[in-house]
Amino acid sequence: MFRPLTRPQLAFDLVLAAGFVLLLVLPELTPYWFGTVGFGPAQPVVGLVFAAAVAARRWSPALALGLAWLAAIGQMVALLTPRPSNLGALIVLYAVAAYGSRRMSRLALASAVGGAAIATAYLSIFQGVWGLAAATNRFSFPLERVVIVGFVFALILFALLLSWTAGALVRSIRVSRETREAQRRAEAEAAAEQERVRIARDMHDIVGHSLAVVIAQADGARYAAASDPEATTAALATIASTARAALTDVRLLLEQLRHSQGAGPQPGLADLDALFAQVHGAGVDLRVEVRPPLADPPAPLQLAVYRIVQEALTNALRHGDGGAVSVRVAWSEEAVSVEVRNGVRPGGEPSAPAPGHGIIGMTERAHLVGGSLGAAPRGDEFVVVAVLPRGLA
């Protein structure tokens with residue numbers, strides 16, 4: 001598996017590998033090293049393989065781990081003593097634990113334990129550690145030899161596990177940072193989606209209600225054009241005012257889409273009178289009963305009441321029988337109840353309005369403030385009832 005690297009990362013890895021060769025591999029080519037240890041050119045080759053593993057450690061952790069094992073096995077086959085280039089194994093273990101997959105990280109951990117055991121056996125048998133244990137005591141007690149060999153194993157294992165643990169810690173920090181970033185993005189997307197849903201709901205309420213009023217006025221003006229020109233003029237005036245108000249609201253919503261930092265003014269209880277006048281101007285026999293609240297309710301609750309009443313009246317204009325429409329808004333200390341009734345069209349069993357977003361939108365608005373809403377036919381009427389608590393949930 002190959003990981004994509006940025007140019008700075010690739011440049012850093014190549015520079016690190018070059019420094020590894022200059023500081024740890026090239027000294028093994030000097031006469032000092034050859035004269036001291038007396039080995040052939042195999043050790044520099046092993047060092048170069050370790051350098052290649054260091055260069056590939058982030059690009060391909062699996063390849064780097066394989067190259068490190070290849071270099072270690074070649075070193076043991078050639079019966080070479082440990083050299084500074086063996087530090088490449090520690091760098092590779094760190095990188096595999098930090099950047100490799102979970103499977104590769106577990107394989108690196110197993111390599112650390114197995115490598116420590118193999119390295120201890122190699123040093124004991126072929127590099128004189130066992131002889132050193134024997135030389136520490138003239139009687140060569142086996143227990144002291146075991147202690148020396150055990151100390152060598154513990155030292156190698158500690159170094160390898162320390163490198164792996166440091167890489168695993170870096171991996172955990174990186175994963176935690178990525179998780180927090182993903183959570184922030186998800187929260188931002190959820191907030192944006194909620195804002196889009198709210199704006200779409202407002203757009204539906206504004207446009208749907210305004211068009212219902214315009215259609216009703218246009219139909220009335222068409223029927224009255226011949227017999228009552230003054231009624232036609234009044235209807236056209238209502239259409240113009242309704243269209244202007246809708247245009248203003250739509251522009252406000254579009255501004256919110258462009259600039260998400262401001263929610264903009266929202267209608268409240270004070271705007272209900274204008275709404276009732278607008279619907280009454282459309283020729284609807286509107287009967288209103290409003291019990292005002294004792295204290296000023298929260299703005300979200302006022303908006304919910306306004307939008308529910310607006311949508312219920314819109315449904316009455318669209319799907320009602322053209323008769324009287326009653327609106328009742330009653331406030332108490334605990335909640336506000338909204339009830340809108342209108343007759344259904346004759347010629348069949350009463351039924352709910354045609355499928356759409358109206359009732360869904362009213363239900364969502366009620367739920368947003370912790371309330372409930374029901375909309376269903378009752379006899380010859382269609383009734384919308386909402387109960388919204390004063391204390392927002």
# chains A, B, ... in the order shown; residues from 1 in each chain; ligands from 1
>>> residues_around(residues="Glu381 (chain A)", least_positions_apart="4", cutoff="6 Å", atoms="only C-alpha atoms", output="list in words")
Asn342, Gly343, Val344 and Pro377 of chain A
>>> write_last_selection(atoms="N, CA and C atoms", output="mmCIF file, in the first residue's frame")
data_model
loop_
_atom_site.group_PDB
_atom_site.id
_atom_site.type_symbol
_atom_site.label_atom_id
_atom_site.label_comp_id
_atom_site.auth_asym_id
_atom_site.auth_seq_id
_atom_site.Cartn_x
_atom_site.Cartn_y
_atom_site.Cartn_z
ATOM 1 N N ASN A 342 -62.021 25.056 8.826
ATOM 2 C CA ASN A 342 -62.626 25.481 7.560
ATOM 3 C C ASN A 342 -63.424 24.319 6.997
ATOM 4 N N GLY A 343 -64.459 24.661 6.234
ATOM 5 C CA GLY A 343 -65.268 23.629 5.604
ATOM 6 C C GLY A 343 -64.542 22.978 4.452
ATOM 7 N N VAL A 344 -64.946 21.736 4.160
ATOM 8 C CA VAL A 344 -64.354 21.009 3.039
ATOM 9 C C VAL A 344 -65.285 21.083 1.850
ATOM 10 N N PRO A 377 -59.591 15.808 9.068
ATOM 11 C CA PRO A 377 -61.009 16.166 8.909
ATOM 12 C C PRO A 377 -61.840 15.729 10.115
#
>>> residues_around(residues="Ser101 (chain A)", least_positions_apart="5", cutoff="9 Å", atoms="only C-alpha atoms", output="PyMOL selection string")
chain A and resi 61+96+106
>>> atom_distance(atom1="CA of Leu368 (chain A)", atom2="CA of Leu303 (chain A)")
10.9 Å
>>> closest_residue(among="A:Ala119, A:Val369, A:Leu65, A:Val384", to="Leu107 (chain A)", atoms="only C-alpha atoms")
A:Leu65
>>> residues_around(residues="Tyr122 (chain A)", least_positions_apart="2", cutoff="12 Å", atoms="only C-alpha atoms", output="tab-separated table (two decimals) with C-alpha atoms, in the first residue's frame")
chain	number	residue	atom	x	y	z
A	72	ALA	CA	18.66	-7.41	9.35
A	73	ILE	CA	18.60	-10.91	7.86
A	75	GLN	CA	23.46	-8.70	8.35
A	76	MET	CA	23.02	-11.94	10.29
A	77	VAL	CA	23.75	-14.13	7.27
A	78	ALA	CA	27.00	-12.23	6.70
A	79	LEU	CA	27.84	-12.58	10.44
A	80	LEU	CA	28.26	-8.82	10.78
A	81	THR	CA	28.37	-7.01	14.09
A	82	PRO	CA	25.77	-4.31	14.93
A	115	GLY	CA	13.27	-9.17	16.30
A	116	ALA	CA	14.47	-8.69	19.88
A	117	ALA	CA	14.49	-12.45	20.44
A	118	ILE	CA	16.25	-13.18	17.14
A	119	ALA	CA	18.82	-10.41	17.69
A	120	THR	CA	19.57	-11.70	21.21
A	124	SER	CA	24.66	-14.76	21.99
A	125	ILE	CA	25.64	-17.46	19.54
A	126	PHE	CA	27.65	-15.64	16.86
A	127	GLN	CA	28.87	-12.41	18.44
A	128	GLY	CA	30.25	-13.58	21.76
A	129	VAL	CA	27.59	-12.39	24.22
A	130	TRP	CA	27.41	-15.88	25.63
A	149	VAL	CA	21.61	-12.72	27.93
A	152	VAL	CA	20.64	-7.96	26.42
A	153	PHE	CA	17.18	-9.16	25.33
>>> closest_atom_pairs(of="region 362-387 of chain A", to="region 285-301 of chain A", cutoff="12 Å", atoms="only C-alpha atoms", output="Markdown table")
| residue | atom | partner | partner_atom | distance |
| --- | --- | --- | --- | --- |
| A:Arg365 | CA | A:Leu301 | CA | 9.2 |
| A:Ala366 | CA | A:Leu301 | CA | 8.9 |
| A:His367 | CA | A:Leu301 | CA | 10.9 |
| A:Leu368 | CA | A:Pro300 | CA | 8.8 |
| A:Val369 | CA | A:Leu301 | CA | 6.5 |
| A:Gly370 | CA | A:Leu301 | CA | 9.7 |
| A:Gly371 | CA | A:Leu301 | CA | 9.8 |
| A:Ala386 | CA | A:Leu301 | CA | 12.0 |
| A:Val387 | CA | A:Leu301 | CA | 11.0 |
>>> write_last_selection(atoms="C-alpha atoms", output="PDB file, in the first residue's frame")
ATOM      1  CA  ARG A 365     -42.563  23.997  13.392  1.00  0.00           C
ATOM      2  CA  ALA A 366     -44.587  22.678  16.307  1.00  0.00           C
ATOM      3  CA  HIS A 367     -41.937  20.083  17.120  1.00  0.00           C
ATOM      4  CA  LEU A 368     -39.147  22.664  16.969  1.00  0.00           C
ATOM      5  CA  VAL A 369     -40.640  24.507  19.935  1.00  0.00           C
ATOM      6  CA  GLY A 370     -41.509  21.307  21.807  1.00  0.00           C
ATOM      7  CA  GLY A 371     -45.200  21.236  20.883  1.00  0.00           C
ATOM      8  CA  ALA A 386     -51.533  22.907  17.684  1.00  0.00           C
ATOM      9  CA  VAL A 387     -50.440  23.093  21.319  1.00  0.00           C
TER      10      VAL A 387
END
>>> closest_residue(among="A:Ala56, A:Ile239, A:Leu23, A:Ile148", to="Pro4 (chain A)", atoms="only C-alpha atoms")
A:Ala56
>>> residues_around(residues="Val338 (chain A)", least_positions_apart="4", cutoff="6 Å", atoms="only C-alpha atoms", output="count of residues only")
4
>>> atom_distance(atom1="CA of Arg307 (chain A)", atom2="CA of Val340 (chain A)")
12.4 Å
>>> residues_around(residues="region 108-110 of chain A", least_positions_apart="3", cutoff="10 Å", atoms="only C-alpha atoms", output="number ranges by chain")
A: 61-62, 65, 92-97, 100, 102-105, 113-116, 160-161, 163-165, 168
>>> atom_distance(atom1="CA of Asp271 (chain A)", atom2="CA of Ile308 (chain A)")
13.0 Å
>>> residues_around(residues="Ala218 (chain A)", least_positions_apart="6", cutoff="9 Å", atoms="only C-alpha atoms", output="MDAnalysis selection string")
chainID A and resid 232 235:236 239
>>> decode(residues="region 86-98 of chain A", atoms="C-alpha atoms", output="PDB file, in the first residue's frame")
ATOM      1  CA  ASN A  86      20.915  -0.528  12.645  1.00  0.00           C
ATOM      2  CA  LEU A  87      19.150   2.536  14.071  1.00  0.00           C
ATOM      3  CA  GLY A  88      17.175   2.462  10.825  1.00  0.00           C
ATOM      4  CA  ALA A  89      15.140  -0.400  12.317  1.00  0.00           C
ATOM      5  CA  LEU A  90      13.972   1.907  15.132  1.00  0.00           C
ATOM      6  CA  ILE A  91      12.991   4.640  12.659  1.00  0.00           C
ATOM      7  CA  VAL A  92      11.049   2.133  10.544  1.00  0.00           C
ATOM      8  CA  LEU A  93       9.193   0.706  13.552  1.00  0.00           C
ATOM      9  CA  TYR A  94       8.166   4.217  14.583  1.00  0.00           C
ATOM     10  CA  ALA A  95       6.937   5.061  11.069  1.00  0.00           C
ATOM     11  CA  VAL A  96       4.988   1.815  10.603  1.00  0.00           C
ATOM     12  CA  ALA A  97       3.195   2.305  13.939  1.00  0.00           C
ATOM     13  CA  ALA A  98       2.479   5.976  13.118  1.00  0.00           C
TER      14      ALA A  98
END
